$ cat target24.cif   # mmCIF, C-alpha atoms; chains and numbers go by the auth columns
data_data
#
loop_
_atom_site.group_PDB
_atom_site.id
_atom_site.type_symbol
_atom_site.label_atom_id
_atom_site.label_comp_id
_atom_site.label_asym_id
_atom_site.label_seq_id
_atom_site.Cartn_x
_atom_site.Cartn_y
_atom_site.Cartn_z
_atom_site.B_iso_or_equiv
_atom_site.auth_seq_id
_atom_site.auth_asym_id
ATOM 1 C CA MET A 1 -65.550 13.873 81.850 0.00 294 A
ATOM 2 C CA ASN A 2 -63.227 10.935 82.481 0.00 295 A
ATOM 3 C CA ILE A 3 -60.587 12.343 84.841 0.00 296 A
ATOM 4 C CA GLU A 4 -58.390 9.241 84.659 0.00 297 A
ATOM 5 C CA LYS A 5 -58.182 9.496 80.887 0.00 298 A
ATOM 6 C CA LEU A 6 -57.343 13.193 81.144 0.00 299 A
ATOM 7 C CA ALA A 7 -54.681 12.502 83.795 0.00 300 A
ATOM 8 C CA ARG A 8 -53.171 9.773 81.605 0.00 301 A
ATOM 9 C CA HIS A 9 -52.955 12.257 78.736 0.00 302 A
ATOM 10 C CA LEU A 10 -51.465 15.111 80.796 0.00 303 A
ATOM 11 C CA LYS A 11 -48.958 12.921 82.730 0.00 304 A
ATOM 12 C CA LYS A 12 -48.068 15.796 85.168 0.00 305 A
ATOM 13 C CA PHE A 13 -50.464 18.520 86.303 0.00 306 A
ATOM 14 C CA THR A 14 -51.663 20.647 89.186 0.00 307 A
ATOM 15 C CA ILE A 15 -55.185 20.495 90.556 0.00 308 A
ATOM 16 C CA ASP A 16 -55.922 23.922 89.071 0.00 309 A
ATOM 17 C CA GLU A 17 -54.825 22.827 85.603 0.00 310 A
ATOM 18 C CA ILE A 18 -56.977 19.714 85.517 0.00 311 A
ATOM 19 C CA GLU A 19 -60.012 21.524 86.957 0.00 312 A
ATOM 20 C CA MET A 20 -59.638 24.243 84.337 0.00 313 A
ATOM 21 C CA ILE A 21 -59.523 21.680 81.495 0.00 314 A
ATOM 22 C CA ALA A 22 -62.263 19.467 82.918 0.00 315 A
ATOM 23 C CA GLU A 23 -64.383 22.460 83.949 0.00 316 A
ATOM 24 C CA CYS A 24 -65.473 20.730 87.162 0.00 317 A
ATOM 25 C CA ASP A 25 -64.345 19.958 90.722 0.00 318 A
ATOM 26 C CA CYS A 26 -61.997 16.955 90.403 0.00 319 A
ATOM 27 C CA LYS A 27 -60.848 16.514 94.031 0.00 320 A
ATOM 28 C CA THR A 28 -62.851 13.347 94.761 0.00 321 A
ATOM 29 C CA GLU A 29 -61.815 11.651 91.504 0.00 322 A
ATOM 30 C CA LEU A 30 -58.161 12.592 92.106 0.00 323 A
ATOM 31 C CA GLU A 31 -58.318 11.161 95.641 0.00 324 A
ATOM 32 C CA GLN A 32 -59.760 7.940 94.258 0.00 325 A
ATOM 33 C CA LEU A 33 -56.969 7.707 91.670 0.00 326 A
ATOM 34 C CA LEU A 34 -54.399 8.368 94.415 0.00 327 A
ATOM 35 C CA ASN A 35 -55.883 5.551 96.525 0.00 328 A
ATOM 36 C CA GLU A 36 -55.817 3.177 93.555 0.00 329 A
ATOM 37 C CA GLY A 37 -52.134 3.988 92.970 0.00 330 A
ATOM 38 C CA LYS A 38 -52.755 5.441 89.522 0.00 331 A
ATOM 39 C CA LEU A 39 -51.586 8.901 90.630 0.00 332 A
ATOM 40 C CA VAL A 40 -48.866 10.119 92.958 0.00 333 A
ATOM 41 C CA PHE A 41 -48.537 13.587 94.447 0.00 334 A
ATOM 42 C CA GLU A 42 -44.976 14.940 94.483 0.00 335 A
ATOM 43 C CA GLN A 43 -43.751 18.521 94.896 0.00 336 A
ATOM 44 C CA GLY A 44 -47.159 20.046 94.261 0.00 337 A
ATOM 45 C CA LEU A 45 -47.795 18.046 91.088 0.00 338 A
ATOM 46 C CA TYR A 46 -50.003 15.084 90.409 0.00 339 A
ATOM 47 C CA LYS A 47 -48.217 12.480 88.274 0.00 340 A
ATOM 48 C CA TYR A 48 -49.978 9.711 86.431 0.00 341 A
ATOM 49 C CA GLN A 49 -48.397 6.276 86.986 0.00 342 A
ATOM 50 C CA GLU A 50 -48.282 4.157 83.856 0.00 343 A
ATOM 51 C CA GLU A 51 -49.505 0.652 84.516 0.00 344 A
ATOM 52 C CA LYS A 52 -46.590 -1.701 84.354 0.00 345 A
ATOM 53 C CA PRO A 53 -47.358 -5.078 82.830 0.00 346 A
ATOM 54 C CA LYS A 54 -47.604 -7.671 85.533 0.00 347 A
ATOM 55 C CA GLN A 55 -45.208 -10.559 85.161 0.00 348 A
ATOM 56 C CA GLU A 56 -46.737 -13.930 85.455 0.00 349 A
ATOM 57 C CA PHE A 57 -44.511 -16.800 86.378 0.00 350 A
ATOM 58 C CA ILE A 58 -45.139 -20.449 85.790 0.00 351 A
ATOM 59 C CA ILE A 59 -43.342 -22.934 87.951 0.00 352 A
ATOM 60 C CA CYS A 60 -42.639 -26.078 85.997 0.00 353 A
ATOM 61 C CA ALA A 61 -41.659 -29.061 88.052 0.00 354 A
ATOM 62 C CA LYS A 62 -39.873 -31.852 86.274 0.00 355 A
ATOM 63 C CA GLN A 63 -42.297 -34.722 86.119 0.00 356 A
ATOM 64 C CA VAL A 64 -40.407 -37.856 85.284 0.00 357 A
ATOM 65 C CA THR A 65 -43.294 -40.203 85.990 0.00 358 A
ATOM 66 C CA ASN A 66 -46.070 -38.098 84.454 0.00 359 A
ATOM 67 C CA CYS A 67 -45.023 -38.143 80.793 0.00 360 A
ATOM 68 C CA GLN A 68 -47.562 -37.256 78.141 0.00 361 A
ATOM 69 C CA ILE A 69 -48.120 -38.604 74.668 0.00 362 A
ATOM 70 C CA ILE A 70 -47.459 -35.889 72.102 0.00 363 A
ATOM 71 C CA THR A 71 -47.248 -36.405 68.357 0.00 364 A
ATOM 72 C CA ILE A 72 -44.340 -34.943 66.434 0.00 365 A
ATOM 73 C CA ASP A 73 -46.613 -32.540 64.517 0.00 366 A
ATOM 74 C CA VAL A 74 -48.156 -31.155 67.720 0.00 367 A
ATOM 75 C CA ALA A 75 -44.705 -30.945 69.316 0.00 368 A
ATOM 76 C CA ILE A 76 -43.330 -28.982 66.356 0.00 369 A
ATOM 77 C CA GLU A 77 -46.209 -26.485 66.391 0.00 370 A
ATOM 78 C CA TYR A 78 -45.976 -26.049 70.173 0.00 371 A
ATOM 79 C CA PHE A 79 -42.191 -25.641 70.045 0.00 372 A
ATOM 80 C CA LEU A 80 -42.395 -23.059 67.247 0.00 373 A
ATOM 81 C CA GLU A 81 -45.172 -21.026 68.889 0.00 374 A
ATOM 82 C CA ASN A 82 -44.052 -21.155 72.518 0.00 375 A
ATOM 83 C CA TYR A 83 -40.274 -21.258 72.316 0.00 376 A
ATOM 84 C CA VAL A 84 -38.922 -20.201 68.931 0.00 377 A
ATOM 85 C CA LYS A 85 -41.357 -17.313 68.337 0.00 378 A
ATOM 86 C CA ASN A 86 -40.627 -15.881 71.798 0.00 379 A
ATOM 87 C CA ASN A 87 -36.860 -16.347 71.823 0.00 380 A
ATOM 88 C CA CYS A 88 -35.631 -16.036 68.233 0.00 381 A
ATOM 89 C CA LYS A 89 -35.618 -13.495 65.441 0.00 382 A
ATOM 90 C CA LEU A 90 -38.049 -13.823 62.543 0.00 383 A
ATOM 91 C CA ASN A 91 -35.463 -15.229 60.123 0.00 384 A
ATOM 92 C CA THR A 92 -34.398 -17.831 62.684 0.00 385 A
ATOM 93 C CA TYR A 93 -38.044 -18.733 63.245 0.00 386 A
ATOM 94 C CA ARG A 94 -38.524 -19.237 59.492 0.00 387 A
ATOM 95 C CA ARG A 95 -35.355 -21.326 59.179 0.00 388 A
ATOM 96 C CA TYR A 96 -36.326 -23.513 62.151 0.00 389 A
ATOM 97 C CA ARG A 97 -39.859 -23.969 60.795 0.00 390 A
ATOM 98 C CA ARG A 98 -38.455 -25.001 57.419 0.00 391 A
ATOM 99 C CA ILE A 99 -36.044 -27.515 58.980 0.00 392 A
ATOM 100 C CA LEU A 100 -38.724 -28.941 61.274 0.00 393 A
ATOM 101 C CA LYS A 101 -41.320 -29.274 58.481 0.00 394 A
ATOM 102 C CA TYR A 102 -39.022 -30.438 55.670 0.00 395 A
ATOM 103 C CA TYR A 103 -36.612 -32.770 57.485 0.00 396 A
ATOM 104 C CA ILE A 104 -37.880 -33.750 60.927 0.00 397 A
ATOM 105 C CA ALA A 105 -41.654 -34.058 60.480 0.00 398 A
ATOM 106 C CA PRO A 106 -41.566 -36.413 57.439 0.00 399 A
ATOM 107 C CA PHE A 107 -39.217 -38.861 59.147 0.00 400 A
ATOM 108 C CA PHE A 108 -40.962 -38.950 62.544 0.00 401 A
ATOM 109 C CA LYS A 109 -44.552 -38.556 61.236 0.00 402 A
ATOM 110 C CA ASN A 110 -45.757 -41.870 62.712 0.00 403 A
ATOM 111 C CA LYS A 111 -44.016 -41.455 66.079 0.00 404 A
ATOM 112 C CA ASN A 112 -44.843 -39.756 69.318 0.00 405 A
ATOM 113 C CA LEU A 113 -42.128 -37.476 70.659 0.00 406 A
ATOM 114 C CA ASN A 114 -41.741 -39.629 73.778 0.00 407 A
ATOM 115 C CA ASP A 115 -41.098 -42.749 71.636 0.00 408 A
ATOM 116 C CA ILE A 116 -38.015 -41.330 69.891 0.00 409 A
ATOM 117 C CA THR A 117 -34.891 -43.276 70.863 0.00 410 A
ATOM 118 C CA CYS A 118 -31.179 -42.877 70.214 0.00 411 A
ATOM 119 C CA ALA A 119 -31.474 -45.580 67.523 0.00 412 A
ATOM 120 C CA ASP A 120 -34.111 -43.417 65.801 0.00 413 A
ATOM 121 C CA ILE A 121 -31.680 -40.488 65.839 0.00 414 A
ATOM 122 C CA GLN A 122 -29.063 -42.627 64.066 0.00 415 A
ATOM 123 C CA LYS A 123 -31.664 -43.709 61.482 0.00 416 A
ATOM 124 C CA PHE A 124 -32.654 -40.063 61.061 0.00 417 A
ATOM 125 C CA TYR A 125 -29.020 -39.158 60.415 0.00 418 A
ATOM 126 C CA TYR A 126 -28.843 -41.672 57.555 0.00 419 A
ATOM 127 C CA PHE A 127 -32.239 -40.495 56.252 0.00 420 A
ATOM 128 C CA CYS A 128 -30.903 -36.924 55.990 0.00 421 A
ATOM 129 C CA LYS A 129 -27.597 -38.145 54.571 0.00 422 A
ATOM 130 C CA ASN A 130 -29.447 -40.056 51.801 0.00 423 A
ATOM 131 C CA ARG A 131 -31.244 -36.818 50.892 0.00 424 A
ATOM 132 C CA ASN A 132 -27.784 -35.407 50.111 0.00 425 A
ATOM 133 C CA SER A 133 -28.028 -32.773 52.843 0.00 426 A
ATOM 134 C CA PRO A 134 -24.896 -30.616 53.124 0.00 427 A
ATOM 135 C CA PRO A 135 -22.879 -31.280 56.310 0.00 428 A
ATOM 136 C CA LYS A 136 -23.817 -27.950 57.900 0.00 429 A
ATOM 137 C CA VAL A 137 -27.548 -28.502 57.252 0.00 430 A
ATOM 138 C CA LEU A 138 -27.284 -32.025 58.630 0.00 431 A
ATOM 139 C CA LYS A 139 -25.562 -30.807 61.794 0.00 432 A
ATOM 140 C CA ASN A 140 -28.050 -27.945 62.254 0.00 433 A
ATOM 141 C CA THR A 141 -31.016 -30.275 61.721 0.00 434 A
ATOM 142 C CA LEU A 142 -29.802 -32.709 64.372 0.00 435 A
ATOM 143 C CA ALA A 143 -28.971 -29.841 66.750 0.00 436 A
ATOM 144 C CA LEU A 144 -32.490 -28.408 66.322 0.00 437 A
ATOM 145 C CA LEU A 145 -34.066 -31.813 66.938 0.00 438 A
ATOM 146 C CA ASN A 146 -31.952 -32.105 70.084 0.00 439 A
ATOM 147 C CA GLN A 147 -33.031 -28.624 71.192 0.00 440 A
ATOM 148 C CA MET A 148 -36.713 -29.486 70.711 0.00 441 A
ATOM 149 C CA ILE A 149 -36.394 -32.785 72.595 0.00 442 A
ATOM 150 C CA LYS A 150 -34.552 -31.056 75.474 0.00 443 A
ATOM 151 C CA TYR A 151 -37.265 -28.363 75.578 0.00 444 A
ATOM 152 C CA PHE A 152 -40.006 -30.937 76.113 0.00 445 A
ATOM 153 C CA GLN A 153 -37.856 -32.884 78.579 0.00 446 A
ATOM 154 C CA ASN A 154 -37.317 -29.725 80.646 0.00 447 A
ATOM 155 C CA LEU A 155 -41.066 -29.049 80.617 0.00 448 A
ATOM 156 C CA GLY A 156 -41.606 -32.569 81.975 0.00 449 A
ATOM 157 C CA ILE A 157 -43.783 -33.549 79.023 0.00 450 A
ATOM 158 C CA ILE A 158 -41.487 -36.364 77.888 0.00 451 A
ATOM 159 C CA ASP A 159 -38.996 -38.474 79.804 0.00 452 A
ATOM 160 C CA ARG A 160 -35.240 -38.317 79.416 0.00 453 A
ATOM 161 C CA THR A 161 -34.645 -41.573 77.563 0.00 454 A
ATOM 162 C CA CYS A 162 -33.328 -39.929 74.384 0.00 455 A
ATOM 163 C CA ASN A 163 -30.255 -37.851 75.220 0.00 456 A
ATOM 164 C CA PHE A 164 -27.703 -36.897 72.617 0.00 457 A
ATOM 165 C CA GLN A 165 -25.408 -34.029 71.670 0.00 458 A
ATOM 166 C CA VAL A 166 -24.194 -32.846 68.296 0.00 459 A
ATOM 167 C CA ARG A 167 -20.540 -31.869 68.148 0.00 460 A
ATOM 168 C CA ARG A 168 -19.469 -28.776 66.259 0.00 461 A
ATOM 169 C CA LEU A 169 -17.903 -29.312 62.909 0.00 462 A
ATOM 170 C CA SER A 170 -14.139 -29.043 62.945 0.00 463 A
ATOM 171 C CA ASP A 171 -13.823 -29.887 59.259 0.00 464 A
ATOM 172 C CA LYS A 172 -16.964 -28.462 57.629 0.00 465 A
ATOM 173 C CA THR A 173 -16.897 -31.005 54.848 0.00 466 A
ATOM 174 C CA ASN A 174 -16.645 -34.018 57.137 0.00 467 A
ATOM 175 C CA PHE A 175 -19.702 -34.800 59.267 0.00 468 A
ATOM 176 C CA THR A 176 -20.346 -38.422 60.156 0.00 469 A
ATOM 177 C CA VAL A 177 -22.545 -40.296 62.575 0.00 470 A
ATOM 178 C CA ASP A 178 -19.515 -40.415 64.910 0.00 471 A
ATOM 179 C CA ARG A 179 -20.106 -36.703 65.578 0.00 472 A
ATOM 180 C CA ILE A 180 -23.277 -37.518 67.534 0.00 473 A
ATOM 181 C CA ILE A 181 -22.700 -38.297 71.202 0.00 474 A
ATOM 182 C CA PHE A 182 -25.346 -40.450 72.842 0.00 475 A
ATOM 183 C CA GLU A 183 -25.708 -40.165 76.599 0.00 476 A
ATOM 184 C CA VAL A 184 -26.599 -43.251 78.559 0.00 477 A
#
$ encode --input "target24.cif" --output "structure tokens"
Amino acid sequence: MNIEKLARHLKKFTIDEIEMIAECDCKTELEQLLNEGKLVFEQGLYKYQEEKPKQEFIICAKQVTNCQIITIDVAIEYFLENYVKNNCKLNTYRRYRRILKYYIAPFFKNKNLNDITCADIQKFYYFCKNRNSPPKVLKNTLALLNQMIKYFQNLGIIDRTCNFQVRRLSDKTNFTVDRIIFEV
């Protein structure tokens, strides 16, 4: 009989209880589980220790000189899978995916993420404006593009040549290109 499996099921037990259920002498297996840290012995009871998931950490150094070429389609998929899926709710994930696929991907389809400049952002603004996007959608689209660019800049995959911010709307019906702040 698998004593570890039985101990995991019982959670807390005495040696007599587990030997009665297993119908065998379990002392050597219990000692082995104690040595492995899977059991602890407290106040006359054996207690099974649930395995805690080990945290793995990745140290990302900012690599300004080691930029990589990444297409916009690959960047969108990577951003959705590795950032949005892990940090946002399902509805937010769906909304971001829709914005990225419907607005951002068609405009930047022939560009690499690292090649996007502040002038491209201004052209993108007018592209969205010509599609008759509502001001809130336009602001959210530019803010999401900024968030994705910053994500890849922080990973060190692209350099920091394209820096911009999108101001909040004070008058929801009035959003112009002047609301985008380009950092030099």
$ resolve_selection --input "target24.cif" --expression "the PyMOL selection byres ((chain A and resi 453) around 9)" --output "VMD selection string"
chain A and resid 357 407 442 to 443 446 to 447 449 451 to 452 454 to 456
$ residues_around --input "target24.cif" --residues "segment 320-330 of chain A" --least-positions-apart "3" --cutoff "8 Å" --atoms "only C-alpha atoms" --output "VMD selection string"
chain A and resid 296 to 297 308 333 to 334 342
$ atom_distance --input "target24.cif" --atom1 "atom CA of Tyr444 of chain A" --atom2 "atom CA of Leu406 of chain A"
11.4 Å
$ closest_atom_pairs --input "target24.cif" --of "segment 384-459 of chain A" --to "segment 365-377 of chain A" --cutoff "10 Å" --atoms "only C-alpha atoms" --output "JSON lines"
{"residue": "A:Thr385", "atom": "CA", "partner": "A:Val377", "partner_atom": "CA", "distance": 8.1}
{"residue": "A:Tyr386", "atom": "CA", "partner": "A:Val377", "partner_atom": "CA", "distance": 5.9}
{"residue": "A:Arg387", "atom": "CA", "partner": "A:Leu373", "partner_atom": "CA", "distance": 9.5}
{"residue": "A:Tyr389", "atom": "CA", "partner": "A:Leu373", "partner_atom": "CA", "distance": 7.9}
{"residue": "A:Arg390", "atom": "CA", "partner": "A:Leu373", "partner_atom": "CA", "distance": 7.0}
{"residue": "A:Leu393", "atom": "CA", "partner": "A:Ile369", "partner_atom": "CA", "distance": 6.9}
{"residue": "A:Lys394", "atom": "CA", "partner": "A:Ile369", "partner_atom": "CA", "distance": 8.1}
{"residue": "A:Ile397", "atom": "CA", "partner": "A:Ile365", "partner_atom": "CA", "distance": 8.6}
{"residue": "A:Ala398", "atom": "CA", "partner": "A:Asp366", "partner_atom": "CA", "distance": 6.6}
{"residue": "A:Pro399", "atom": "CA", "partner": "A:Asp366", "partner_atom": "CA", "distance": 9.5}
{"residue": "A:Phe400", "atom": "CA", "partner": "A:Ile365", "partner_atom": "CA", "distance": 9.7}
{"residue": "A:Phe401", "atom": "CA", "partner": "A:Ile365", "partner_atom": "CA", "distance": 6.5}
{"residue": "A:Lys402", "atom": "CA", "partner": "A:Ile365", "partner_atom": "CA", "distance": 6.3}
{"residue": "A:Asn403", "atom": "CA", "partner": "A:Ile365", "partner_atom": "CA", "distance": 8.0}
{"residue": "A:Lys404", "atom": "CA", "partner": "A:Ile365", "partner_atom": "CA", "distance": 6.5}
{"residue": "A:Asn405", "atom": "CA", "partner": "A:Ile365", "partner_atom": "CA", "distance": 5.6}
{"residue": "A:Leu406", "atom": "CA", "partner": "A:Ile365", "partner_atom": "CA", "distance": 5.4}
{"residue": "A:Asn407", "atom": "CA", "partner": "A:Ile365", "partner_atom": "CA", "distance": 9.1}
{"residue": "A:Asp408", "atom": "CA", "partner": "A:Ile365", "partner_atom": "CA", "distance": 9.9}
{"residue": "A:Ile409", "atom": "CA", "partner": "A:Ile365", "partner_atom": "CA", "distance": 9.6}
{"residue": "A:Leu438", "atom": "CA", "partner": "A:Ile369", "partner_atom": "CA", "distance": 9.7}
{"residue": "A:Gln440", "atom": "CA", "partner": "A:Phe372", "partner_atom": "CA", "distance": 9.7}
{"residue": "A:Met441", "atom": "CA", "partner": "A:Phe372", "partner_atom": "CA", "distance": 6.7}
{"residue": "A:Ile442", "atom": "CA", "partner": "A:Ala368", "partner_atom": "CA", "distance": 9.1}
{"residue": "A:Tyr444", "atom": "CA", "partner": "A:Phe372", "partner_atom": "CA", "distance": 7.9}
{"residue": "A:Phe445", "atom": "CA", "partner": "A:Ala368", "partner_atom": "CA", "distance": 8.3}
$ write_last_selection --input "target24.cif" --atoms "C-alpha atoms" --output "PDB file, in the frame of the given file"
ATOM      1  CA  THR A 385     -34.398 -17.831  62.684  1.00  0.00           C
ATOM      2  CA  TYR A 386     -38.044 -18.733  63.245  1.00  0.00           C
ATOM      3  CA  ARG A 387     -38.524 -19.237  59.492  1.00  0.00           C
ATOM      4  CA  TYR A 389     -36.326 -23.513  62.151  1.00  0.00           C
ATOM      5  CA  ARG A 390     -39.859 -23.969  60.795  1.00  0.00           C
ATOM      6  CA  LEU A 393     -38.724 -28.941  61.274  1.00  0.00           C
ATOM      7  CA  LYS A 394     -41.320 -29.274  58.481  1.00  0.00           C
ATOM      8  CA  ILE A 397     -37.880 -33.750  60.927  1.00  0.00           C
ATOM      9  CA  ALA A 398     -41.654 -34.058  60.480  1.00  0.00           C
ATOM     10  CA  PRO A 399     -41.566 -36.413  57.439  1.00  0.00           C
ATOM     11  CA  PHE A 400     -39.217 -38.861  59.147  1.00  0.00           C
ATOM     12  CA  PHE A 401     -40.962 -38.950  62.544  1.00  0.00           C
ATOM     13  CA  LYS A 402     -44.552 -38.556  61.236  1.00  0.00           C
ATOM     14  CA  ASN A 403     -45.757 -41.870  62.712  1.00  0.00           C
ATOM     15  CA  LYS A 404     -44.016 -41.455  66.079  1.00  0.00           C
ATOM     16  CA  ASN A 405     -44.843 -39.756  69.318  1.00  0.00           C
ATOM     17  CA  LEU A 406     -42.128 -37.476  70.659  1.00  0.00           C
ATOM     18  CA  ASN A 407     -41.741 -39.629  73.778  1.00  0.00           C
ATOM     19  CA  ASP A 408     -41.098 -42.749  71.636  1.00  0.00           C
ATOM     20  CA  ILE A 409     -38.015 -41.330  69.891  1.00  0.00           C
ATOM     21  CA  LEU A 438     -34.066 -31.813  66.938  1.00  0.00           C
ATOM     22  CA  GLN A 440     -33.031 -28.624  71.192  1.00  0.00           C
ATOM     23  CA  MET A 441     -36.713 -29.486  70.711  1.00  0.00           C
ATOM     24  CA  ILE A 442     -36.394 -32.785  72.595  1.00  0.00           C
ATOM     25  CA  TYR A 444     -37.265 -28.363  75.578  1.00  0.00           C
ATOM     26  CA  PHE A 445     -40.006 -30.937  76.113  1.00  0.00           C
TER      27      PHE A 445
END
$ resolve_selection --input "target24.cif" --expression "the PyMOL selection byres ((chain A and resi 411-419) around 7)" --output "mmCIF file with C-alpha atoms, keeping the file's coordinate frame"
data_model
loop_
_atom_site.group_PDB
_atom_site.id
_atom_site.type_symbol
_atom_site.label_atom_id
_atom_site.label_comp_id
_atom_site.auth_asym_id
_atom_site.auth_seq_id
_atom_site.Cartn_x
_atom_site.Cartn_y
_atom_site.Cartn_z
ATOM 1 C CA PHE A 400 -39.217 -38.861 59.147
ATOM 2 C CA ILE A 409 -38.015 -41.330 69.891
ATOM 3 C CA THR A 410 -34.891 -43.276 70.863
ATOM 4 C CA PHE A 420 -32.239 -40.495 56.252
ATOM 5 C CA CYS A 421 -30.903 -36.924 55.990
ATOM 6 C CA LYS A 422 -27.597 -38.145 54.571
ATOM 7 C CA ASN A 423 -29.447 -40.056 51.801
ATOM 8 C CA CYS A 455 -33.328 -39.929 74.384
ATOM 9 C CA VAL A 470 -22.545 -40.296 62.575
ATOM 10 C CA PHE A 475 -25.346 -40.450 72.842
#
$ atom_distance --input "target24.cif" --atom1 "atom CA of Leu437 of chain A" --atom2 "atom CA of Lys378 of chain A"
14.3 Å
$ atom_distance --input "target24.cif" --atom1 "atom CA of Phe306 of chain A" --atom2 "atom CA of Lys340 of chain A"
6.7 Å
$ residues_around --input "target24.cif" --residues "Asp318 of chain A" --least-positions-apart "6" --cutoff "10 Å" --atoms "all atoms listed in the file" --output "list in words"
Ile308, Asp309, Ile311 and Glu312 of chain A
$ closest_residue --input "target24.cif" --among "A:Gln336, A:Lys432, A:Ile314, A:Asn380" --to "Ile392 of chain A" --atoms "all atoms listed in the file"
A:Lys432
$ closest_residue --input "target24.cif" --among "A:Gln361, A:Leu448, A:Arg388, A:Phe457" --to "Asn433 of chain A" --atoms "all atoms listed in the file"
A:Arg388
$ axis_aligned_box --input "target24.cif" --around "segment 437-453 of chain A" --padding-each-side "4 Å" --output "JSON"
{"center_x": -37.9, "center_y": -33.4, "center_z": 74.1, "size_x": 19.8, "size_y": 18.1, "size_z": 23.7}
$ build_atoms --input "target24.cif" --residues "segment 403-409 of chain A" --atoms "all heavy atoms" --output "compact mmCIF listing (two decimals), in the frame of the given file"
# COMPACT_ATOMS: atom_id res chain seq x y z
N ASN A 403 -44.96 -40.82 62.07
CA ASN A 403 -45.76 -41.87 62.71
C ASN A 403 -45.33 -42.13 64.15
O ASN A 403 -45.72 -43.13 64.74
CB ASN A 403 -45.68 -43.17 61.89
CG ASN A 403 -46.29 -42.99 60.53
OD1 ASN A 403 -47.26 -42.26 60.37
ND2 ASN A 403 -45.72 -43.64 59.52
N LYS A 404 -44.52 -41.25 64.72
CA LYS A 404 -44.02 -41.46 66.08
C LYS A 404 -44.52 -40.37 67.02
O LYS A 404 -44.76 -39.25 66.60
CB LYS A 404 -42.48 -41.44 66.09
CG LYS A 404 -41.86 -42.70 65.60
CD LYS A 404 -40.47 -42.79 66.19
CE LYS A 404 -39.89 -44.16 65.98
NZ LYS A 404 -40.05 -45.03 67.09
N ASN A 405 -44.63 -40.74 68.27
CA ASN A 405 -44.84 -39.76 69.32
C ASN A 405 -43.47 -39.27 69.77
O ASN A 405 -42.49 -40.02 69.70
CB ASN A 405 -45.61 -40.37 70.49
CG ASN A 405 -47.02 -40.75 70.10
OD1 ASN A 405 -47.65 -40.05 69.33
ND2 ASN A 405 -47.50 -41.85 70.63
N LEU A 406 -43.41 -38.05 70.25
CA LEU A 406 -42.13 -37.48 70.66
C LEU A 406 -41.47 -38.31 71.75
O LEU A 406 -40.26 -38.50 71.77
CB LEU A 406 -42.33 -36.03 71.12
CG LEU A 406 -41.07 -35.21 71.35
CD1 LEU A 406 -40.29 -35.04 70.06
CD2 LEU A 406 -41.40 -33.85 71.92
N ASN A 407 -42.27 -38.85 72.67
CA ASN A 407 -41.74 -39.63 73.78
C ASN A 407 -41.17 -40.97 73.33
O ASN A 407 -40.37 -41.58 74.03
CB ASN A 407 -42.84 -39.85 74.83
CG ASN A 407 -42.26 -40.24 76.16
OD1 ASN A 407 -41.21 -39.74 76.55
ND2 ASN A 407 -42.92 -41.13 76.86
N ASP A 408 -41.55 -41.45 72.13
CA ASP A 408 -41.10 -42.75 71.64
C ASP A 408 -39.79 -42.67 70.87
O ASP A 408 -39.24 -43.70 70.46
CB ASP A 408 -42.17 -43.37 70.73
CG ASP A 408 -43.45 -43.67 71.50
OD1 ASP A 408 -43.38 -43.85 72.74
OD2 ASP A 408 -44.52 -43.70 70.87
N ILE A 409 -39.26 -41.48 70.64
CA ILE A 409 -38.02 -41.33 69.89
C ILE A 409 -36.85 -41.82 70.75
O ILE A 409 -36.70 -41.43 71.90
CB ILE A 409 -37.80 -39.86 69.46
CG1 ILE A 409 -38.89 -39.44 68.48
CG2 ILE A 409 -36.42 -39.68 68.82
CD1 ILE A 409 -38.85 -37.98 68.10
